[in-house]
>>> print(open('start16.cif').read())   # mmCIF, N, CA and C atoms
data_entry
#
loop_
_atom_site.label_atom_id
_atom_site.label_comp_id
_atom_site.auth_asym_id
_atom_site.auth_seq_id
_atom_site.Cartn_x
_atom_site.Cartn_y
_atom_site.Cartn_z
N MET V 1 0.67 2.80 -17.09
CA MET V 1 0.88 2.89 -15.66
C MET V 1 1.37 4.31 -15.32
N SER V 2 0.80 4.89 -14.30
CA SER V 2 1.17 6.25 -13.92
C SER V 2 2.58 6.27 -13.31
N ASN V 3 3.17 7.44 -13.31
CA ASN V 3 4.49 7.60 -12.68
C ASN V 3 4.44 7.30 -11.19
N PHE V 4 3.31 7.62 -10.56
CA PHE V 4 3.21 7.37 -9.12
C PHE V 4 3.14 5.87 -8.82
N MET V 5 2.45 5.11 -9.68
CA MET V 5 2.43 3.66 -9.49
C MET V 5 3.82 3.09 -9.75
N LYS V 6 4.55 3.67 -10.70
CA LYS V 6 5.93 3.23 -10.95
C LYS V 6 6.79 3.45 -9.70
N GLU V 7 6.56 4.55 -9.01
CA GLU V 7 7.30 4.83 -7.78
C GLU V 7 6.94 3.82 -6.69
N ALA V 8 5.66 3.47 -6.60
CA ALA V 8 5.24 2.45 -5.63
C ALA V 8 5.88 1.11 -5.98
N LEU V 9 5.98 0.81 -7.25
CA LEU V 9 6.61 -0.43 -7.71
C LEU V 9 8.09 -0.47 -7.32
N LYS V 10 8.77 0.66 -7.41
CA LYS V 10 10.17 0.73 -6.97
C LYS V 10 10.28 0.36 -5.49
N GLU V 11 9.32 0.82 -4.71
CA GLU V 11 9.31 0.49 -3.28
C GLU V 11 9.09 -1.02 -3.09
N ALA V 12 8.20 -1.59 -3.88
CA ALA V 12 7.95 -3.04 -3.80
C ALA V 12 9.22 -3.82 -4.11
N GLU V 13 9.98 -3.34 -5.09
CA GLU V 13 11.23 -4.00 -5.44
C GLU V 13 12.25 -3.90 -4.32
N LYS V 14 12.25 -2.81 -3.57
CA LYS V 14 13.13 -2.68 -2.39
C LYS V 14 12.76 -3.75 -1.36
N ALA V 15 11.46 -3.93 -1.16
CA ALA V 15 11.01 -4.96 -0.21
C ALA V 15 11.48 -6.34 -0.66
N LEU V 16 11.34 -6.62 -1.94
CA LEU V 16 11.75 -7.92 -2.48
C LEU V 16 13.23 -8.19 -2.23
N LYS V 17 14.05 -7.18 -2.43
CA LYS V 17 15.50 -7.33 -2.20
C LYS V 17 15.81 -7.67 -0.74
N LYS V 18 14.91 -7.30 0.16
CA LYS V 18 15.09 -7.57 1.59
C LYS V 18 14.33 -8.84 2.01
N GLU V 19 13.86 -9.60 1.01
CA GLU V 19 13.11 -10.83 1.23
C GLU V 19 11.79 -10.60 1.98
N GLU V 20 11.22 -9.43 1.74
CA GLU V 20 9.90 -9.08 2.27
C GLU V 20 8.87 -9.31 1.17
N VAL V 21 7.60 -9.45 1.56
CA VAL V 21 6.54 -9.51 0.56
C VAL V 21 6.62 -8.20 -0.24
N PRO V 22 6.73 -8.29 -1.57
CA PRO V 22 6.99 -7.09 -2.37
C PRO V 22 5.77 -6.18 -2.57
N ILE V 23 5.55 -5.35 -1.59
CA ILE V 23 4.47 -4.37 -1.65
C ILE V 23 5.09 -3.00 -1.37
N GLY V 24 4.71 -2.02 -2.20
CA GLY V 24 5.22 -0.67 -2.03
C GLY V 24 4.09 0.34 -2.08
N ALA V 25 4.33 1.49 -1.48
CA ALA V 25 3.33 2.56 -1.44
C ALA V 25 4.01 3.92 -1.51
N VAL V 26 3.33 4.86 -2.14
CA VAL V 26 3.75 6.26 -2.10
C VAL V 26 2.52 7.11 -1.81
N ILE V 27 2.74 8.18 -1.08
CA ILE V 27 1.66 9.13 -0.79
C ILE V 27 1.97 10.41 -1.57
N VAL V 28 0.95 10.89 -2.28
CA VAL V 28 1.07 12.05 -3.16
C VAL V 28 0.13 13.15 -2.66
N LYS V 29 0.68 14.35 -2.60
CA LYS V 29 -0.14 15.52 -2.24
C LYS V 29 0.28 16.67 -3.16
N ASP V 30 -0.69 17.32 -3.73
CA ASP V 30 -0.44 18.43 -4.66
C ASP V 30 0.50 18.02 -5.79
N GLY V 31 0.33 16.79 -6.28
CA GLY V 31 1.11 16.32 -7.42
C GLY V 31 2.54 15.91 -7.11
N GLN V 32 2.90 15.85 -5.83
CA GLN V 32 4.27 15.51 -5.42
C GLN V 32 4.25 14.31 -4.48
N VAL V 33 5.24 13.43 -4.63
CA VAL V 33 5.39 12.33 -3.68
C VAL V 33 5.93 12.93 -2.38
N ILE V 34 5.18 12.72 -1.29
CA ILE V 34 5.63 13.26 0.01
C ILE V 34 6.11 12.16 0.95
N ALA V 35 5.80 10.90 0.62
CA ALA V 35 6.25 9.81 1.49
C ALA V 35 6.25 8.50 0.71
N ARG V 36 7.12 7.60 1.15
CA ARG V 36 7.25 6.29 0.52
C ARG V 36 7.33 5.23 1.62
N GLY V 37 6.95 4.02 1.23
CA GLY V 37 7.09 2.92 2.18
C GLY V 37 7.07 1.59 1.45
N HIS V 38 7.70 0.60 2.05
CA HIS V 38 7.62 -0.77 1.56
C HIS V 38 7.58 -1.69 2.77
N ASN V 39 7.12 -2.90 2.56
CA ASN V 39 6.98 -3.84 3.67
C ASN V 39 8.31 -4.04 4.40
N LYS V 40 8.22 -4.05 5.74
CA LYS V 40 9.38 -4.29 6.58
C LYS V 40 9.02 -5.21 7.74
N ARG V 41 7.93 -5.93 7.60
CA ARG V 41 7.42 -6.77 8.68
C ARG V 41 8.43 -7.81 9.14
N GLU V 42 9.03 -8.52 8.20
CA GLU V 42 9.98 -9.58 8.56
C GLU V 42 11.26 -9.01 9.17
N ASN V 43 11.82 -8.01 8.52
CA ASN V 43 13.09 -7.45 8.99
C ASN V 43 12.96 -6.77 10.35
N LEU V 44 11.84 -6.13 10.60
CA LEU V 44 11.63 -5.45 11.88
C LEU V 44 10.89 -6.32 12.89
N GLN V 45 10.39 -7.47 12.43
CA GLN V 45 9.60 -8.36 13.27
C GLN V 45 8.49 -7.57 13.99
N ASN V 46 7.73 -6.85 13.15
CA ASN V 46 6.66 -6.00 13.65
C ASN V 46 5.46 -6.18 12.72
N ALA V 47 4.37 -6.68 13.25
CA ALA V 47 3.20 -7.04 12.45
C ALA V 47 2.58 -5.87 11.70
N ILE V 48 2.77 -4.65 12.16
CA ILE V 48 2.10 -3.52 11.51
C ILE V 48 2.97 -2.77 10.52
N LYS V 49 4.16 -3.22 10.25
CA LYS V 49 5.06 -2.49 9.34
C LYS V 49 4.79 -2.83 7.88
N HIS V 50 3.54 -2.57 7.48
CA HIS V 50 3.14 -2.71 6.08
C HIS V 50 3.55 -1.44 5.34
N ALA V 51 3.65 -1.54 4.02
CA ALA V 51 4.07 -0.41 3.19
C ALA V 51 3.21 0.83 3.44
N GLU V 52 1.89 0.64 3.50
CA GLU V 52 0.99 1.78 3.67
C GLU V 52 1.19 2.47 5.02
N ILE V 53 1.35 1.67 6.07
CA ILE V 53 1.53 2.23 7.42
C ILE V 53 2.81 3.04 7.48
N ILE V 54 3.88 2.50 6.92
CA ILE V 54 5.17 3.21 6.91
C ILE V 54 5.05 4.51 6.15
N ALA V 55 4.41 4.49 4.98
CA ALA V 55 4.23 5.70 4.19
C ALA V 55 3.37 6.72 4.93
N ILE V 56 2.31 6.27 5.59
CA ILE V 56 1.45 7.18 6.36
C ILE V 56 2.24 7.82 7.50
N GLU V 57 3.03 7.03 8.21
CA GLU V 57 3.84 7.58 9.31
C GLU V 57 4.78 8.67 8.79
N LYS V 58 5.42 8.41 7.66
CA LYS V 58 6.36 9.39 7.09
C LYS V 58 5.63 10.64 6.63
N ALA V 59 4.48 10.49 6.00
CA ALA V 59 3.71 11.64 5.52
C ALA V 59 3.24 12.50 6.69
N CYS V 60 2.78 11.86 7.75
CA CYS V 60 2.33 12.61 8.93
C CYS V 60 3.49 13.41 9.53
N LYS V 61 4.65 12.78 9.60
CA LYS V 61 5.82 13.47 10.13
C LYS V 61 6.20 14.65 9.23
N LYS V 62 6.20 14.43 7.92
CA LYS V 62 6.57 15.49 6.98
C LYS V 62 5.62 16.69 7.08
N LEU V 63 4.32 16.40 7.18
CA LEU V 63 3.33 17.48 7.24
C LEU V 63 3.05 17.95 8.66
N ASN V 64 3.64 17.27 9.63
CA ASN V 64 3.41 17.58 11.04
C ASN V 64 1.92 17.58 11.39
N SER V 65 1.23 16.56 10.84
CA SER V 65 -0.20 16.43 11.07
C SER V 65 -0.63 14.99 10.83
N TRP V 66 -1.59 14.53 11.59
CA TRP V 66 -2.13 13.20 11.32
C TRP V 66 -3.17 13.24 10.22
N ARG V 67 -3.61 14.43 9.86
CA ARG V 67 -4.60 14.59 8.80
C ARG V 67 -3.90 14.75 7.45
N LEU V 68 -4.09 13.79 6.58
CA LEU V 68 -3.48 13.82 5.25
C LEU V 68 -4.54 14.17 4.20
N GLU V 69 -5.37 15.14 4.54
CA GLU V 69 -6.46 15.54 3.66
C GLU V 69 -5.92 15.99 2.31
N GLY V 70 -6.61 15.54 1.26
CA GLY V 70 -6.20 15.89 -0.08
C GLY V 70 -5.12 14.99 -0.65
N ALA V 71 -4.60 14.08 0.16
CA ALA V 71 -3.54 13.19 -0.30
C ALA V 71 -4.14 11.94 -0.96
N GLU V 72 -3.32 11.33 -1.80
CA GLU V 72 -3.67 10.06 -2.43
C GLU V 72 -2.57 9.07 -2.09
N ILE V 73 -2.94 7.80 -1.97
CA ILE V 73 -1.93 6.76 -1.75
C ILE V 73 -1.98 5.79 -2.93
N TYR V 74 -0.82 5.55 -3.50
CA TYR V 74 -0.65 4.57 -4.57
C TYR V 74 0.03 3.37 -3.95
N VAL V 75 -0.59 2.22 -4.06
CA VAL V 75 -0.05 1.00 -3.45
C VAL V 75 -0.14 -0.13 -4.46
N THR V 76 0.87 -0.98 -4.46
CA THR V 76 0.94 -2.02 -5.49
C THR V 76 -0.07 -3.14 -5.28
N LEU V 77 -0.55 -3.32 -4.06
CA LEU V 77 -1.55 -4.36 -3.77
C LEU V 77 -2.70 -3.74 -3.00
N GLU V 78 -3.90 -4.21 -3.28
CA GLU V 78 -5.08 -3.76 -2.54
C GLU V 78 -4.80 -3.82 -1.04
N PRO V 79 -5.06 -2.76 -0.31
CA PRO V 79 -4.74 -2.74 1.12
C PRO V 79 -5.48 -3.79 1.93
N CYS V 80 -4.86 -4.21 3.02
CA CYS V 80 -5.49 -5.13 3.97
C CYS V 80 -6.44 -4.32 4.86
N PRO V 81 -7.25 -4.97 5.68
CA PRO V 81 -8.17 -4.25 6.57
C PRO V 81 -7.47 -3.26 7.51
N MET V 82 -6.32 -3.64 8.06
CA MET V 82 -5.59 -2.75 8.97
C MET V 82 -5.19 -1.47 8.23
N CYS V 83 -4.63 -1.63 7.05
CA CYS V 83 -4.18 -0.47 6.28
C CYS V 83 -5.35 0.37 5.80
N ALA V 84 -6.45 -0.27 5.43
CA ALA V 84 -7.64 0.47 5.02
C ALA V 84 -8.12 1.37 6.16
N GLY V 85 -8.12 0.84 7.38
CA GLY V 85 -8.51 1.63 8.54
C GLY V 85 -7.57 2.81 8.76
N ALA V 86 -6.28 2.57 8.62
CA ALA V 86 -5.29 3.64 8.79
C ALA V 86 -5.45 4.70 7.71
N ILE V 87 -5.71 4.28 6.48
CA ILE V 87 -5.91 5.22 5.37
C ILE V 87 -7.12 6.11 5.65
N ALA V 88 -8.22 5.51 6.08
CA ALA V 88 -9.43 6.29 6.40
C ALA V 88 -9.18 7.23 7.57
N ASN V 89 -8.52 6.74 8.60
CA ASN V 89 -8.26 7.57 9.78
C ASN V 89 -7.30 8.71 9.49
N ALA V 90 -6.43 8.53 8.50
CA ALA V 90 -5.50 9.60 8.12
C ALA V 90 -6.15 10.62 7.20
N ARG V 91 -7.41 10.37 6.82
CA ARG V 91 -8.17 11.28 5.97
C ARG V 91 -7.63 11.36 4.53
N ILE V 92 -6.96 10.29 4.10
CA ILE V 92 -6.49 10.24 2.72
C ILE V 92 -7.72 10.19 1.82
N LYS V 93 -7.70 10.96 0.72
CA LYS V 93 -8.91 11.07 -0.10
C LYS V 93 -9.07 9.92 -1.09
N LYS V 94 -7.94 9.30 -1.51
CA LYS V 94 -8.06 8.31 -2.57
C LYS V 94 -6.97 7.25 -2.45
N VAL V 95 -7.37 6.00 -2.69
CA VAL V 95 -6.46 4.86 -2.78
C VAL V 95 -6.44 4.40 -4.23
N ILE V 96 -5.25 4.29 -4.77
CA ILE V 96 -5.10 3.73 -6.13
C ILE V 96 -4.21 2.50 -5.96
N TYR V 97 -4.73 1.33 -6.28
CA TYR V 97 -3.95 0.11 -6.07
C TYR V 97 -3.75 -0.62 -7.40
N GLY V 98 -2.65 -1.37 -7.47
CA GLY V 98 -2.24 -1.99 -8.71
C GLY V 98 -2.70 -3.42 -8.93
N ALA V 99 -2.86 -4.18 -7.87
CA ALA V 99 -3.25 -5.59 -8.01
C ALA V 99 -4.26 -5.95 -6.93
N ASP V 100 -5.20 -6.80 -7.30
CA ASP V 100 -6.19 -7.27 -6.33
C ASP V 100 -5.56 -8.23 -5.34
N ASP V 101 -6.07 -8.22 -4.13
CA ASP V 101 -5.69 -9.23 -3.14
C ASP V 101 -6.48 -10.49 -3.50
N THR V 102 -5.81 -11.46 -4.06
CA THR V 102 -6.50 -12.67 -4.54
C THR V 102 -6.78 -13.66 -3.41
N THR V 103 -6.34 -13.35 -2.19
CA THR V 103 -6.61 -14.27 -1.07
C THR V 103 -8.01 -14.08 -0.50
N ALA V 104 -8.70 -13.01 -0.93
CA ALA V 104 -10.04 -12.75 -0.41
C ALA V 104 -10.91 -12.15 -1.50
N ASP V 105 -12.17 -12.49 -1.46
CA ASP V 105 -13.11 -11.90 -2.43
C ASP V 105 -14.29 -11.26 -1.72
N ASP V 106 -14.05 -10.81 -0.49
CA ASP V 106 -15.14 -10.25 0.31
C ASP V 106 -15.25 -8.73 0.23
N HIS V 107 -14.34 -8.08 -0.49
CA HIS V 107 -14.36 -6.62 -0.66
C HIS V 107 -14.32 -5.89 0.69
N LEU V 108 -13.62 -6.48 1.66
CA LEU V 108 -13.56 -5.91 3.00
C LEU V 108 -12.88 -4.55 3.01
N CYS V 109 -11.82 -4.40 2.26
CA CYS V 109 -11.11 -3.12 2.22
C CYS V 109 -12.07 -2.01 1.80
N GLU V 110 -12.79 -2.25 0.71
CA GLU V 110 -13.74 -1.26 0.22
C GLU V 110 -14.84 -0.99 1.24
N ALA V 111 -15.30 -2.03 1.91
CA ALA V 111 -16.33 -1.86 2.93
C ALA V 111 -15.82 -0.99 4.08
N ILE V 112 -14.59 -1.21 4.48
CA ILE V 112 -14.01 -0.39 5.56
C ILE V 112 -13.93 1.07 5.11
N LEU V 113 -13.43 1.30 3.91
CA LEU V 113 -13.23 2.67 3.43
C LEU V 113 -14.55 3.42 3.23
N LYS V 114 -15.65 2.70 3.08
CA LYS V 114 -16.95 3.34 2.88
C LYS V 114 -17.88 3.18 4.08
N SER V 115 -17.37 2.66 5.17
CA SER V 115 -18.20 2.38 6.35
C SER V 115 -18.90 3.63 6.87
N SER V 116 -20.14 3.46 7.26
CA SER V 116 -20.90 4.58 7.84
C SER V 116 -20.38 4.93 9.23
N ARG V 117 -19.58 4.06 9.82
CA ARG V 117 -19.00 4.33 11.15
C ARG V 117 -17.91 5.39 11.08
N LEU V 118 -17.36 5.60 9.89
CA LEU V 118 -16.27 6.57 9.73
C LEU V 118 -16.82 7.91 9.30
N ASN V 119 -16.17 8.97 9.73
CA ASN V 119 -16.61 10.29 9.30
C ASN V 119 -15.86 10.76 8.06
N HIS V 120 -15.06 9.87 7.48
CA HIS V 120 -14.31 10.20 6.27
C HIS V 120 -14.41 9.02 5.31
N LYS V 121 -14.86 9.27 4.12
CA LYS V 121 -14.96 8.22 3.10
C LYS V 121 -13.79 8.37 2.13
N VAL V 122 -13.32 7.25 1.65
CA VAL V 122 -12.16 7.23 0.76
C VAL V 122 -12.57 6.66 -0.60
N ILE V 123 -12.14 7.31 -1.65
CA ILE V 123 -12.37 6.80 -3.01
C ILE V 123 -11.32 5.72 -3.27
N MET V 124 -11.76 4.63 -3.86
CA MET V 124 -10.83 3.54 -4.15
C MET V 124 -10.92 3.21 -5.63
N GLU V 125 -9.76 3.14 -6.29
CA GLU V 125 -9.79 2.75 -7.70
C GLU V 125 -8.58 1.89 -8.01
N LYS V 126 -8.77 1.06 -9.01
CA LYS V 126 -7.71 0.15 -9.42
C LYS V 126 -7.02 0.72 -10.65
N GLU V 127 -5.70 0.68 -10.63
CA GLU V 127 -4.87 1.02 -11.79
C GLU V 127 -4.07 -0.24 -12.07
N GLU V 128 -4.52 -1.01 -13.04
CA GLU V 128 -3.92 -2.32 -13.33
C GLU V 128 -2.40 -2.22 -13.43
N CYS V 129 -1.72 -3.06 -12.67
CA CYS V 129 -0.26 -3.07 -12.67
C CYS V 129 0.21 -4.52 -12.74
N GLU V 130 0.42 -4.98 -13.96
CA GLU V 130 0.86 -6.38 -14.17
C GLU V 130 2.18 -6.67 -13.48
N GLN V 131 3.07 -5.68 -13.42
CA GLN V 131 4.38 -5.89 -12.77
C GLN V 131 4.21 -6.18 -11.28
N ALA V 132 3.30 -5.47 -10.64
CA ALA V 132 3.06 -5.71 -9.22
C ALA V 132 2.52 -7.12 -9.00
N LYS V 133 1.58 -7.52 -9.85
CA LYS V 133 1.00 -8.85 -9.77
C LYS V 133 2.09 -9.91 -9.97
N HIS V 134 2.93 -9.69 -10.98
CA HIS V 134 4.00 -10.65 -11.29
C HIS V 134 4.99 -10.75 -10.12
N LEU V 135 5.39 -9.61 -9.55
CA LEU V 135 6.32 -9.62 -8.41
C LEU V 135 5.77 -10.48 -7.27
N LEU V 136 4.50 -10.27 -6.95
CA LEU V 136 3.88 -11.02 -5.85
C LEU V 136 3.79 -12.50 -6.17
N GLN V 137 3.34 -12.83 -7.38
CA GLN V 137 3.21 -14.24 -7.77
C GLN V 137 4.57 -14.94 -7.73
N GLN V 138 5.59 -14.29 -8.25
CA GLN V 138 6.93 -14.89 -8.28
C GLN V 138 7.48 -15.05 -6.87
N PHE V 139 7.25 -14.07 -6.01
CA PHE V 139 7.71 -14.14 -4.62
C PHE V 139 7.14 -15.37 -3.92
N PHE V 140 5.82 -15.55 -4.03
CA PHE V 140 5.20 -16.68 -3.34
C PHE V 140 5.52 -18.01 -3.99
N LYS V 141 5.71 -18.01 -5.30
CA LYS V 141 6.11 -19.23 -6.02
C LYS V 141 7.50 -19.66 -5.52
N ASP V 142 8.43 -18.71 -5.39
CA ASP V 142 9.77 -19.00 -4.89
C ASP V 142 9.74 -19.47 -3.45
N LYS V 143 8.87 -18.86 -2.63
CA LYS V 143 8.75 -19.26 -1.21
C LYS V 143 8.30 -20.72 -1.12
N ARG V 144 7.29 -21.08 -1.91
CA ARG V 144 6.77 -22.46 -1.88
C ARG V 144 7.84 -23.45 -2.34
N LYS V 145 8.64 -23.05 -3.30
CA LYS V 145 9.70 -23.91 -3.84
C LYS V 145 10.75 -24.23 -2.79
N HIS V 146 11.02 -23.29 -1.89
CA HIS V 146 12.06 -23.46 -0.88
C HIS V 146 11.54 -24.03 0.43
N HIS V 147 10.26 -24.38 0.48
CA HIS V 147 9.71 -24.96 1.73
C HIS V 147 9.11 -26.32 1.48
#
>>> encode(input="start16.cif", output="structure tokens")
Amino acid sequence: MSNFMKEALKEAEKALKKEEVPIGAVIVKDGQVIARGHNKRENLQNAIKHAEIIAIEKACKKLNSWRLEGAEIYVTLEPCPMCAGAIANARIKKVIYGADDTTADDHLCEAILKSSRLNHKVIMEKEECEQAKHLLQQFFKDKRKHH
């Protein structure tokens, strides 16, 4: 597992401690982490406060630009359609994710990132992260146990 995925995993663990779905993201540019994010949807009661969106917002602020050209995002779970759209619109060059979204098998994220409607295509690759998968599985197992 790369150091950047380990950093994303640390963010996921922060989310877990706040009883959020444990997903974390870091944005890397020129070999340096420039932004971090973890899910805050429940605590902020805001549907769009996913790890990727938070990291993108922070990276844009840091670079004083909405264009994150040349940047990569490491995220512990395959992005949802909303986040895939934000990643493409931010001009991020590459998504590296640790675990597949097992709730869907339609490859929608990849379709969004490669859509001919967009003027920016994003490379997507998986970096297997068993810890991310385990965190998510345990989180939902615990949720079902308490309901």
>>> residues_around(input="start16.cif", residues="stretch 78-91 of chain V", least_positions_apart="6", cutoff="5 Å", atoms="all atoms listed in the file", output="VMD selection string")
chain V and resid 66 to 69 99 to 101
>>> write_last_selection(input="start16.cif", atoms="N, CA and C atoms", output="PDB file, in the coordinates of the input")
ATOM      1  N   TRP V  66      -1.590  14.530  11.590  1.00  0.00           N
ATOM      2  CA  TRP V  66      -2.130  13.200  11.320  1.00  0.00           C
ATOM      3  C   TRP V  66      -3.170  13.240  10.220  1.00  0.00           C
ATOM      4  N   ARG V  67      -3.610  14.430   9.860  1.00  0.00           N
ATOM      5  CA  ARG V  67      -4.600  14.590   8.800  1.00  0.00           C
ATOM      6  C   ARG V  67      -3.900  14.750   7.450  1.00  0.00           C
ATOM      7  N   LEU V  68      -4.090  13.790   6.580  1.00  0.00           N
ATOM      8  CA  LEU V  68      -3.480  13.820   5.250  1.00  0.00           C
ATOM      9  C   LEU V  68      -4.540  14.170   4.200  1.00  0.00           C
ATOM     10  N   GLU V  69      -5.370  15.140   4.540  1.00  0.00           N
ATOM     11  CA  GLU V  69      -6.460  15.540   3.660  1.00  0.00           C
ATOM     12  C   GLU V  69      -5.920  15.990   2.310  1.00  0.00           C
ATOM     13  N   ALA V  99      -2.860  -4.180  -7.870  1.00  0.00           N
ATOM     14  CA  ALA V  99      -3.250  -5.590  -8.010  1.00  0.00           C
ATOM     15  C   ALA V  99      -4.260  -5.950  -6.930  1.00  0.00           C
ATOM     16  N   ASP V 100      -5.200  -6.800  -7.300  1.00  0.00           N
ATOM     17  CA  ASP V 100      -6.190  -7.270  -6.330  1.00  0.00           C
ATOM     18  C   ASP V 100      -5.560  -8.230  -5.340  1.00  0.00           C
ATOM     19  N   ASP V 101      -6.070  -8.220  -4.130  1.00  0.00           N
ATOM     20  CA  ASP V 101      -5.690  -9.230  -3.140  1.00  0.00           C
ATOM     21  C   ASP V 101      -6.480 -10.490  -3.500  1.00  0.00           C
TER      22      ASP V 101
END
>>> closest_residue(input="start16.cif", among="V:Arg41, V:Cys60, V:Val33, V:Glu20", to="V:Phe4", atoms="only N, CA and C atoms")
V:Val33
>>> resolve_selection(input="start16.cif", expression="the PyMOL selection byres ((chain V and resi 39) around 7)", output="ChimeraX atom specification")
/V:11-12,14-15,20-25,37-38,40-43,49-52
>>> closest_residue(input="start16.cif", among="V:Tyr97, V:Asn119, V:Cys129, V:Glu57", to="V:Ile73", atoms="all atoms listed in the file")
V:Tyr97
>>> residues_around(input="start16.cif", residues="V:Ile27", least_positions_apart="6", cutoff="6.5 Å", atoms="all atoms listed in the file", output="list in words")
Val33, Ile34, Ala35, Arg36, Gly37, Ala55, Ala71, Glu72, Ile73 and Tyr74 of chain V
>>> closest_residue(input="start16.cif", among="V:Leu44, V:Phe140, V:Glu7, V:Glu130", to="V:Gln32", atoms="only C-alpha atoms")
V:Glu7
>>> select_by_dssp(input="start16.cif", residues="stretch 36-120 of chain V", states="strand (DSSP E)", output="ChimeraX atom specification")
/V:36-38,72-77,94-99
>>> write_last_selection(input="start16.cif", atoms="N, CA and C atoms", output="PDB file, in the frame of the given file")
ATOM      1  N   ARG V  36       7.120   7.600   1.150  1.00  0.00           N
ATOM      2  CA  ARG V  36       7.250   6.290   0.520  1.00  0.00           C
ATOM      3  C   ARG V  36       7.330   5.230   1.620  1.00  0.00           C
ATOM      4  N   GLY V  37       6.950   4.020   1.230  1.00  0.00           N
ATOM      5  CA  GLY V  37       7.090   2.920   2.180  1.00  0.00           C
ATOM      6  C   GLY V  37       7.070   1.590   1.450  1.00  0.00           C
ATOM      7  N   HIS V  38       7.700   0.600   2.050  1.00  0.00           N
ATOM      8  CA  HIS V  38       7.620  -0.770   1.560  1.00  0.00           C
ATOM      9  C   HIS V  38       7.580  -1.690   2.770  1.00  0.00           C
ATOM     10  N   GLU V  72      -3.320  11.330  -1.800  1.00  0.00           N
ATOM     11  CA  GLU V  72      -3.670  10.060  -2.430  1.00  0.00           C
ATOM     12  C   GLU V  72      -2.570   9.070  -2.090  1.00  0.00           C
ATOM     13  N   ILE V  73      -2.940   7.800  -1.970  1.00  0.00           N
ATOM     14  CA  ILE V  73      -1.930   6.760  -1.750  1.00  0.00           C
ATOM     15  C   ILE V  73      -1.980   5.790  -2.930  1.00  0.00           C
ATOM     16  N   TYR V  74      -0.820   5.550  -3.500  1.00  0.00           N
ATOM     17  CA  TYR V  74      -0.650   4.570  -4.570  1.00  0.00           C
ATOM     18  C   TYR V  74       0.030   3.370  -3.950  1.00  0.00           C
ATOM     19  N   VAL V  75      -0.590   2.220  -4.060  1.00  0.00           N
ATOM     20  CA  VAL V  75      -0.050   1.000  -3.450  1.00  0.00           C
ATOM     21  C   VAL V  75      -0.140  -0.130  -4.460  1.00  0.00           C
ATOM     22  N   THR V  76       0.870  -0.980  -4.460  1.00  0.00           N
ATOM     23  CA  THR V  76       0.940  -2.020  -5.490  1.00  0.00           C
ATOM     24  C   THR V  76      -0.070  -3.140  -5.280  1.00  0.00           C
ATOM     25  N   LEU V  77      -0.550  -3.320  -4.060  1.00  0.00           N
ATOM     26  CA  LEU V  77      -1.550  -4.360  -3.770  1.00  0.00           C
ATOM     27  C   LEU V  77      -2.700  -3.740  -3.000  1.00  0.00           C
ATOM     28  N   LYS V  94      -7.940   9.300  -1.510  1.00  0.00           N
ATOM     29  CA  LYS V  94      -8.060   8.310  -2.570  1.00  0.00           C
ATOM     30  C   LYS V  94      -6.970   7.250  -2.450  1.00  0.00           C
ATOM     31  N   VAL V  95      -7.370   6.000  -2.690  1.00  0.00           N
ATOM     32  CA  VAL V  95      -6.460   4.860  -2.780  1.00  0.00           C
ATOM     33  C   VAL V  95      -6.440   4.400  -4.230  1.00  0.00           C
ATOM     34  N   ILE V  96      -5.250   4.290  -4.770  1.00  0.00           N
ATOM     35  CA  ILE V  96      -5.100   3.730  -6.130  1.00  0.00           C
ATOM     36  C   ILE V  96      -4.210   2.500  -5.960  1.00  0.00           C
ATOM     37  N   TYR V  97      -4.730   1.330  -6.280  1.00  0.00           N
ATOM     38  CA  TYR V  97      -3.950   0.110  -6.070  1.00  0.00           C
ATOM     39  C   TYR V  97      -3.750  -0.620  -7.400  1.00  0.00           C
ATOM     40  N   GLY V  98      -2.650  -1.370  -7.470  1.00  0.00           N
ATOM     41  CA  GLY V  98      -2.240  -1.990  -8.710  1.00  0.00           C
ATOM     42  C   GLY V  98      -2.700  -3.420  -8.930  1.00  0.00           C
ATOM     43  N   ALA V  99      -2.860  -4.180  -7.870  1.00  0.00           N
ATOM     44  CA  ALA V  99      -3.250  -5.590  -8.010  1.00  0.00           C
ATOM     45  C   ALA V  99      -4.260  -5.950  -6.930  1.00  0.00           C
TER      46      ALA V  99
END
>>> closest_residue(input="start16.cif", among="V:Gly70, V:Ile53, V:Glu13, V:Asp106", to="V:Lys29", atoms="only N, CA and C atoms")
V:Gly70
>>> resolve_selection(input="start16.cif", expression="the PyMOL selection byres ((chain V and resi 123) around 7)", output="PyMOL selection string")
chain V and resi 92-96+113+121-122+124-125
>>> write_last_selection(input="start16.cif", atoms="N, CA and C atoms", output="short mmCIF file (atom, residue, chain, number, x, y, z; two decimals), in the coordinates of the input")
data_model
loop_
_atom_site.label_atom_id
_atom_site.label_comp_id
_atom_site.auth_asym_id
_atom_site.auth_seq_id
_atom_site.Cartn_x
_atom_site.Cartn_y
_atom_site.Cartn_z
N ILE V 92 -6.96 10.29 4.10
CA ILE V 92 -6.49 10.24 2.72
C ILE V 92 -7.72 10.19 1.82
N LYS V 93 -7.70 10.96 0.72
CA LYS V 93 -8.91 11.07 -0.10
C LYS V 93 -9.07 9.92 -1.09
N LYS V 94 -7.94 9.30 -1.51
CA LYS V 94 -8.06 8.31 -2.57
C LYS V 94 -6.97 7.25 -2.45
N VAL V 95 -7.37 6.00 -2.69
CA VAL V 95 -6.46 4.86 -2.78
C VAL V 95 -6.44 4.40 -4.23
N ILE V 96 -5.25 4.29 -4.77
CA ILE V 96 -5.10 3.73 -6.13
C ILE V 96 -4.21 2.50 -5.96
N LEU V 113 -13.43 1.30 3.91
CA LEU V 113 -13.23 2.67 3.43
C LEU V 113 -14.55 3.42 3.23
N LYS V 121 -14.86 9.27 4.12
CA LYS V 121 -14.96 8.22 3.10
C LYS V 121 -13.79 8.37 2.13
N VAL V 122 -13.32 7.25 1.65
CA VAL V 122 -12.16 7.23 0.76
C VAL V 122 -12.57 6.66 -0.60
N MET V 124 -11.76 4.63 -3.86
CA MET V 124 -10.83 3.54 -4.15
C MET V 124 -10.92 3.21 -5.63
N GLU V 125 -9.76 3.14 -6.29
CA GLU V 125 -9.79 2.75 -7.70
C GLU V 125 -8.58 1.89 -8.01
#
